[in-house]
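File shown: coords09.tsv. Contents: TSV, C-alpha atoms.
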```tsv
chain	number	residue	atom	x	y	z
S	1	MET	CA	18.65	18.05	-4.25
S	2	PHE	CA	16.52	16.00	-6.65
S	3	SER	CA	19.09	13.20	-6.95
S	4	GLN	CA	19.43	13.02	-3.17
S	5	ASN	CA	15.68	12.63	-2.78
S	6	ALA	CA	15.47	10.15	-5.67
S	7	GLU	CA	17.96	7.87	-3.92
S	8	LEU	CA	15.49	7.45	-1.04
S	9	ILE	CA	12.84	5.96	-3.35
S	10	ARG	CA	12.84	2.22	-4.05
S	11	TRP	CA	11.01	0.91	-7.11
S	12	VAL	CA	10.02	-2.66	-6.26
S	13	LEU	CA	8.79	-5.13	-8.90
S	14	VAL	CA	7.19	-8.13	-7.19
S	15	GLU	CA	7.20	-11.58	-8.83
S	16	THR	CA	7.62	-10.20	-12.34
S	17	SER	CA	7.12	-12.80	-15.10
S	18	HIS	CA	8.39	-11.14	-18.26
S	19	PRO	CA	12.01	-9.99	-18.62
S	20	GLY	CA	10.89	-7.37	-21.15
S	21	ASN	CA	8.84	-5.63	-18.47
S	22	VAL	CA	11.89	-5.41	-16.23
S	23	GLY	CA	13.90	-3.85	-19.05
S	24	SER	CA	11.11	-1.43	-19.97
S	25	ALA	CA	10.71	-0.43	-16.30
S	26	ALA	CA	14.47	0.23	-16.06
S	27	ARG	CA	14.25	2.43	-19.15
S	28	ALA	CA	11.33	4.37	-17.65
S	29	LEU	CA	13.20	4.93	-14.40
S	30	LYS	CA	16.41	6.12	-16.04
S	31	THR	CA	14.46	8.50	-18.29
S	32	MET	CA	13.03	10.14	-15.17
S	33	ALA	CA	16.39	10.09	-13.29
S	34	PHE	CA	15.54	7.26	-10.87
S	35	ASP	CA	17.65	4.13	-10.55
S	36	HIS	CA	16.92	2.21	-7.31
S	37	LEU	CA	15.29	-0.92	-8.77
S	38	LEU	CA	14.52	-3.98	-6.63
S	39	LEU	CA	13.26	-7.29	-8.06
S	40	VAL	CA	11.46	-9.49	-5.55
S	41	ASN	CA	11.17	-13.20	-6.31
S	42	PRO	CA	10.95	-12.86	-10.12
S	43	LYS	CA	9.69	-15.87	-12.06
S	44	HIS	CA	13.14	-16.32	-13.59
S	45	ARG	CA	16.37	-16.01	-11.63
S	46	GLN	CA	18.72	-13.24	-12.77
S	47	ILE	CA	15.89	-11.79	-14.81
S	48	ALA	CA	17.71	-8.46	-15.20
S	49	GLN	CA	20.42	-10.26	-17.22
S	50	ASP	CA	17.97	-11.80	-19.66
S	51	PRO	CA	18.62	-10.69	-23.28
S	52	GLU	CA	15.02	-9.44	-23.62
S	53	ALA	CA	15.37	-7.28	-20.51
S	54	ILE	CA	18.62	-5.82	-21.83
S	55	ALA	CA	17.13	-5.18	-25.27
S	56	LEU	CA	14.06	-3.35	-23.93
S	57	ALA	CA	16.10	-1.37	-21.44
S	58	SER	CA	17.42	0.41	-24.55
S	59	GLY	CA	20.52	1.92	-22.98
S	60	ALA	CA	19.41	1.77	-19.34
S	61	THR	CA	21.57	-1.28	-18.71
S	62	ASP	CA	23.24	0.49	-15.80
S	63	VAL	CA	19.90	0.47	-13.95
S	64	LEU	CA	19.57	-3.27	-14.67
S	65	GLN	CA	23.11	-3.98	-13.52
S	66	SER	CA	22.66	-2.08	-10.27
S	67	SER	CA	19.26	-3.68	-9.53
S	68	GLU	CA	18.96	-6.06	-6.59
S	69	GLU	CA	17.20	-9.40	-6.74
S	70	LEU	CA	15.63	-10.46	-3.43
S	71	GLN	CA	13.74	-13.59	-2.46
S	72	THR	CA	11.33	-11.94	-0.03
S	73	LEU	CA	9.46	-8.65	0.09
S	74	ASP	CA	10.41	-8.02	3.70
S	75	GLY	CA	13.97	-7.16	2.74
S	76	ALA	CA	12.84	-4.78	0.02
S	77	VAL	CA	10.74	-2.64	2.38
S	78	GLN	CA	12.89	-2.86	5.50
S	79	GLY	CA	13.73	0.60	6.80
S	80	CYS	CA	11.01	2.31	4.75
S	81	THR	CA	8.50	4.42	6.69
S	82	LEU	CA	6.23	4.70	3.66
S	83	VAL	CA	5.39	1.67	1.50
S	84	LEU	CA	2.86	2.15	-1.29
S	85	GLY	CA	1.24	-0.80	-3.05
S	86	LEU	CA	0.06	0.19	-6.54
S	87	THR	CA	-3.18	-1.64	-7.36
S	88	SER	CA	-6.61	-0.63	-8.59
S	89	ARG	CA	-8.34	-3.55	-6.86
S	90	ASP	CA	-10.28	-2.65	-3.73
S	91	ARG	CA	-9.90	-4.94	-0.68
S	92	GLU	CA	-12.11	-5.72	2.29
S	93	PHE	CA	-9.09	-5.46	4.56
S	94	GLY	CA	-5.73	-3.90	4.07
S	95	PRO	CA	-3.98	-0.56	4.35
S	96	PRO	CA	-5.69	2.80	3.80
S	97	ALA	CA	-6.31	3.71	0.15
S	98	LEU	CA	-5.01	6.86	-1.55
S	99	ASN	CA	-5.17	8.14	-5.08
S	100	TRP	CA	-1.85	8.87	-6.75
S	101	GLN	CA	-2.23	12.65	-6.57
S	102	VAL	CA	-2.33	12.49	-2.77
S	103	ALA	CA	0.29	9.73	-2.60
S	104	LYS	CA	2.95	11.57	-4.61
S	105	ASN	CA	2.77	14.55	-2.24
S	106	LEU	CA	3.08	12.20	0.73
S	107	ILE	CA	6.18	10.68	-0.92
S	108	ALA	CA	7.68	14.16	-1.34
S	109	LYS	CA	7.04	14.97	2.33
S	110	THR	CA	8.60	11.68	3.41
S	111	VAL	CA	11.81	12.05	1.42
S	112	HIS	CA	12.06	15.66	2.58
S	113	ALA	CA	12.16	14.20	6.11
S	114	GLY	CA	15.08	11.98	5.03
S	115	GLN	CA	13.01	8.78	5.14
S	116	SER	CA	13.00	5.96	2.60
S	117	VAL	CA	9.97	5.12	0.47
S	118	ALA	CA	9.11	1.94	-1.44
S	119	LEU	CA	6.69	1.72	-4.38
S	120	LEU	CA	5.44	-1.81	-5.04
S	121	PHE	CA	4.23	-3.07	-8.41
S	122	GLY	CA	2.74	-6.57	-8.50
S	123	PRO	CA	2.83	-9.53	-10.89
S	124	GLU	CA	1.57	-8.79	-14.39
S	125	ARG	CA	-1.33	-11.24	-14.35
S	126	THR	CA	-2.67	-10.89	-10.81
S	127	GLY	CA	-1.26	-7.70	-9.34
S	128	LEU	CA	-0.41	-7.38	-5.66
S	129	ASP	CA	-2.15	-9.88	-3.39
S	130	ASN	CA	-3.11	-9.55	0.28
S	131	SER	CA	0.22	-10.91	1.51
S	132	HIS	CA	2.04	-8.16	-0.42
S	133	LEU	CA	-0.33	-5.45	0.81
S	134	ALA	CA	0.23	-6.65	4.38
S	135	LEU	CA	3.62	-4.94	4.18
S	136	CYS	CA	2.23	-1.69	2.76
S	137	THR	CA	1.33	1.44	4.66
S	138	HIS	CA	-1.10	2.45	1.87
S	139	ARG	CA	-2.82	1.04	-1.18
S	140	VAL	CA	-2.57	3.45	-4.11
S	141	TRP	CA	-4.52	3.61	-7.33
S	142	LEU	CA	-3.91	5.64	-10.47
S	143	ASP	CA	-6.76	7.73	-11.83
S	144	ALA	CA	-7.55	5.83	-15.02
S	145	ASN	CA	-10.56	4.86	-17.10
S	146	PRO	CA	-12.87	3.18	-14.55
S	147	ALA	CA	-14.11	0.85	-17.26
S	148	TYR	CA	-10.55	-0.27	-18.02
S	149	PRO	CA	-8.09	0.73	-15.29
S	150	SER	CA	-5.43	-1.86	-16.15
S	151	LEU	CA	-1.96	-0.58	-17.05
S	152	ASN	CA	1.01	-2.52	-18.34
S	153	LEU	CA	3.65	-2.84	-15.61
S	154	ALA	CA	6.20	-0.59	-17.31
S	155	GLN	CA	3.48	1.94	-18.17
S	156	ALA	CA	2.51	2.17	-14.51
S	157	VAL	CA	6.15	2.68	-13.53
S	158	MET	CA	6.53	5.43	-16.13
S	159	VAL	CA	3.36	7.28	-15.06
S	160	CYS	CA	4.50	7.26	-11.43
S	161	ALA	CA	8.12	8.15	-12.23
S	162	PHE	CA	7.12	11.07	-14.47
S	163	SER	CA	4.69	12.67	-12.01
S	164	LEU	CA	6.94	11.97	-9.03
S	165	LYS	CA	9.90	13.63	-10.76
S	166	GLU	CA	7.68	16.68	-11.22
S	167	ALA	CA	6.63	16.66	-7.53
S	168	LEU	CA	10.22	16.34	-6.32
S	169	GLY	CA	11.28	19.10	-8.69
S	170	GLN	CA	8.67	21.38	-7.17
S	171	LEU	CA	9.96	20.45	-3.73
S	172	ALA	CA	13.52	21.42	-4.69
S	173	GLY	CA	12.32	24.63	-6.36
S	174	SER	CA	10.38	25.71	-3.28
S	175	GLY	CA	13.48	25.57	-1.12
S	176	ASN	CA	11.60	22.97	0.99
S	177	ALA	CA	9.31	25.74	2.32
S	178	LEU	CA	6.32	23.78	1.04
S	179	PHE	CA	6.95	21.04	3.61
S	180	SER	CA	8.43	23.01	6.47
S	181	GLY	CA	7.71	21.41	9.82
S	182	SER	CA	7.08	17.91	8.42
S	183	ARG	CA	10.45	16.39	9.30
S	184	GLU	CA	9.67	15.78	12.98
S	185	ASP	CA	6.22	14.38	12.18
S	186	LEU	CA	7.58	11.73	9.82
S	187	ALA	CA	10.84	10.81	11.49
S	188	GLU	CA	9.73	8.03	13.83
S	189	PHE	CA	7.20	5.97	11.88
S	190	ALA	CA	7.78	2.23	12.16
S	191	ASP	CA	8.58	0.36	8.99
S	192	PRO	CA	6.09	-2.30	7.77
S	193	ALA	CA	8.48	-5.16	8.48
S	194	ALA	CA	8.53	-4.18	12.18
S	195	ILE	CA	4.73	-3.95	12.19
S	196	ALA	CA	4.44	-7.40	10.58
S	197	ALA	CA	6.76	-8.87	13.25
S	198	MET	CA	4.68	-7.21	15.97
S	199	LEU	CA	1.50	-8.74	14.49
S	200	GLU	CA	3.09	-12.20	14.57
S	201	HIS	CA	3.96	-11.60	18.22
S	202	TRP	CA	0.35	-10.56	18.92
S	203	GLN	CA	-0.99	-13.59	17.09
S	204	ALA	CA	1.08	-15.88	19.31
S	205	GLY	CA	-0.09	-13.97	22.39
S	206	LEU	CA	-3.77	-14.12	21.42
S	207	ILE	CA	-3.47	-17.86	20.83
S	208	ALA	CA	-1.84	-18.24	24.25
S	209	LEU	CA	-4.78	-16.41	25.85
S	210	GLY	CA	-7.27	-18.60	24.03
S	211	TYR	CA	-8.77	-15.58	22.29
S	212	LEU	CA	-7.62	-16.71	18.83
S	213	ASP	CA	-8.34	-20.24	17.67
S	214	PRO	CA	-5.61	-21.15	15.13
S	215	GLN	CA	-7.93	-23.80	13.66
S	216	ASN	CA	-10.68	-21.22	13.11
S	217	PRO	CA	-9.01	-17.79	13.05
S	218	LYS	CA	-11.85	-16.14	11.11
S	219	LYS	CA	-10.76	-12.59	10.19
S	220	LEU	CA	-9.26	-11.44	13.48
S	221	MET	CA	-5.68	-10.93	12.29
S	222	PRO	CA	-6.61	-9.20	8.99
S	223	ARG	CA	-8.83	-6.84	10.99
S	224	LEU	CA	-6.02	-6.06	13.43
S	225	GLN	CA	-3.64	-5.61	10.53
S	226	ALA	CA	-6.00	-3.09	8.91
S	227	LEU	CA	-6.45	-1.28	12.22
S	228	PHE	CA	-2.71	-0.89	12.81
S	229	ALA	CA	-2.17	0.16	9.18
S	230	ARG	CA	-4.63	3.02	9.62
S	231	ALA	CA	-2.89	4.05	12.85
S	232	ARG	CA	0.56	4.67	11.20
S	233	LEU	CA	2.38	3.36	14.26
S	234	HIS	CA	5.56	4.95	15.59
S	235	LYS	CA	8.60	2.98	16.70
S	236	GLU	CA	7.93	3.42	20.42
S	237	GLU	CA	4.35	2.23	19.90
S	238	ILE	CA	5.66	-0.98	18.34
S	239	ASP	CA	7.77	-1.53	21.46
S	240	LEU	CA	4.70	-0.93	23.64
S	241	LEU	CA	2.54	-3.38	21.68
S	242	ARG	CA	5.25	-6.03	21.72
S	243	GLY	CA	5.53	-5.59	25.47
S	244	ILE	CA	1.79	-6.33	25.75
S	245	ALA	CA	2.21	-9.41	23.54
S	246	LYS	CA	5.06	-10.59	25.76
S	247	GLN	CA	2.79	-10.39	28.80
S	248	MET	CA	0.12	-12.39	26.93
S	249	LEU	CA	2.64	-15.16	26.34
S	250	LEU	CA	3.75	-15.15	29.98
S	251	ARG	CA	0.18	-15.99	30.99
S	252	LYS	CA	0.25	-19.17	28.91
```
Do you think you could lay out the structure here as C-alpha cells?
Amino acid sequence: MFSQNAELIRWVLVETSHPGNVGSAARALKTMAFDHLLLVNPKHRQIAQDPEAIALASGATDVLQSSEELQTLDGAVQGCTLVLGLTSRDREFGPPALNWQVAKNLIAKTVHAGQSVALLFGPERTGLDNSHLALCTHRVWLDANPAYPSLNLAQAVMVCAFSLKEALGQLAGSGNALFSGSREDLAEFADPAAIAAMLEHWQAGLIALGYLDPQNPKKLMPRLQALFARARLHKEEIDLLRGIAKQMLLRK
C-alpha cells in the first residue's frame, strides 16, 4: 500500500544549480522509499548524470537514472490535483499557505483518493518565485527557527520525505479508515496547469472587454490568480469559467 501511494508523489526540483544537491536529494528519497524525481530546467543539462550527482547519490543511482528532466514546470505538475510549493517566504499574492504538519495530512488524503501530488523545491539561491507558485495549489513552509529558516535543498527534501513516509505508513496501518469518505471530495479538482490556461483565457477576455489594460495591468491578474487558488476549482468549474471567457472574446 505504501509503495502504491508513494508512486503518486512527484518530487520536483526546479532550476537546480548544483549537481551534488540532485544526488543528495536522490539519496534522501531512496532512503525513505520514494523515487519519482523530476528535474525542471536545471542549470546544467543532464545534471543527473554529472559525476558529482552520482557520487553524492551514494548508491541511489537508480533514482537518478529514472529521473526525468523537463524544460517547463507545466509538464511536471500536469495531472496533479495538489501541488505544494515549499518556501518560507511570504507573498502578497499567491496560493493559500499551509504549514508542513497540515500539508502532509492533505497529501495523505489526496493519494488515498488516487490523485497525484507534486512537491516543488526551488533554486538554491532564490527559492521558488511567483511564476513557480502560480502553478501551486498551496505554499508550504517547514516549522524551523524563525531567525534562520533556510534549509539546504537536500535537507528540505529529506525532512519532507521522512515525515511523509511516516504519514503514509499511518494511513496504511489504519486500513484507510482515517480518511474514509475523502475520495469523492478530492476526485475532481482541476490541476494547476488547467487553471493557468483558464487564467490566460480570462486575461484575453478582459483585454477584449477593455477591463484590463495590457500596458498598465496593475495587479488584476495576480489577484484573480490568488482568488482562484483559494477556491480549489473543480474541473467542471474550469469549463464554466472558460465558457465565460469565450463569451468575453466574442464581444470584441
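Between atom CA of S:Gln46 and atom CA of S:Asp74 the interatomic distance comes to 19.2 Å.
Among the candidate residues S:Tyr211, S:Phe121, S:Tyr148, S:Trp141, the one lying nearest to S:Asn99 is S:Trp141, with distances computed using only C-alpha atoms.
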Cut-off 12 Å: closest stretch 89-154 of chain S/stretch 184-208 of chain S atom pairs per residue, using all atoms listed in the file, as CSV:
```
residue,atom,partner,partner_atom,distance
S:Pro95,CA,S:Pro192,CA,10.8
S:Leu106,CA,S:Leu186,CA,10.2
S:Ile107,CA,S:Leu186,CA,10.9
S:Ala108,CA,S:Leu186,CA,11.4
S:Lys109,CA,S:Leu186,CA,8.2
S:Thr110,CA,S:Leu186,CA,6.5
S:Val111,CA,S:Leu186,CA,9.4
S:His112,CA,S:Leu186,CA,9.4
S:Ala113,CA,S:Leu186,CA,6.4
S:Gly114,CA,S:Ala187,CA,7.8
S:Gln115,CA,S:Ala187,CA,7.0
S:Ser116,CA,S:Asp191,CA,9.6
S:Val117,CA,S:Asp191,CA,9.9
S:Ala118,CA,S:Asp191,CA,10.6
S:Ser131,CA,S:Ala196,CA,10.6
S:His132,CA,S:Pro192,CA,10.9
S:Leu133,CA,S:Pro192,CA,10.0
S:Ala134,CA,S:Ala196,CA,7.5
S:Leu135,CA,S:Pro192,CA,5.1
S:Cys136,CA,S:Pro192,CA,6.4
S:Thr137,CA,S:Pro192,CA,6.8
S:His138,CA,S:Pro192,CA,10.4
```
>> Show me the residues around (-3.0, -1.3, 9.5) - criterion: an atom at most 9 Å away, all atoms listed in the file counted - as a PyMOL selection string.
In response: chain S and resi 93-96+134+136-138+195+222-233
> So, counting all atoms listed in the file, which residue among S:Leu82, S:Ser88, S:Leu70, S:Gly75 is closest to S:His234?
Replying inline: S:Leu82
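Going from atom CA of S:Leu29 to atom CA of S:Ala6 covers 10.4 Å.
Separating atom CA of S:Arg251 from atom CA of S:Leu209 is a distance of 7.2 Å.
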>> For a cutoff of 12 Å around the file-coordinate point (13.6, -4.1, -18.4), which residues qualify once you count all atoms listed in the file? I'd like the result as a ChimeraX atom specification.
In response: /S:13,16-30,37-39,46-65,67,153-155,157
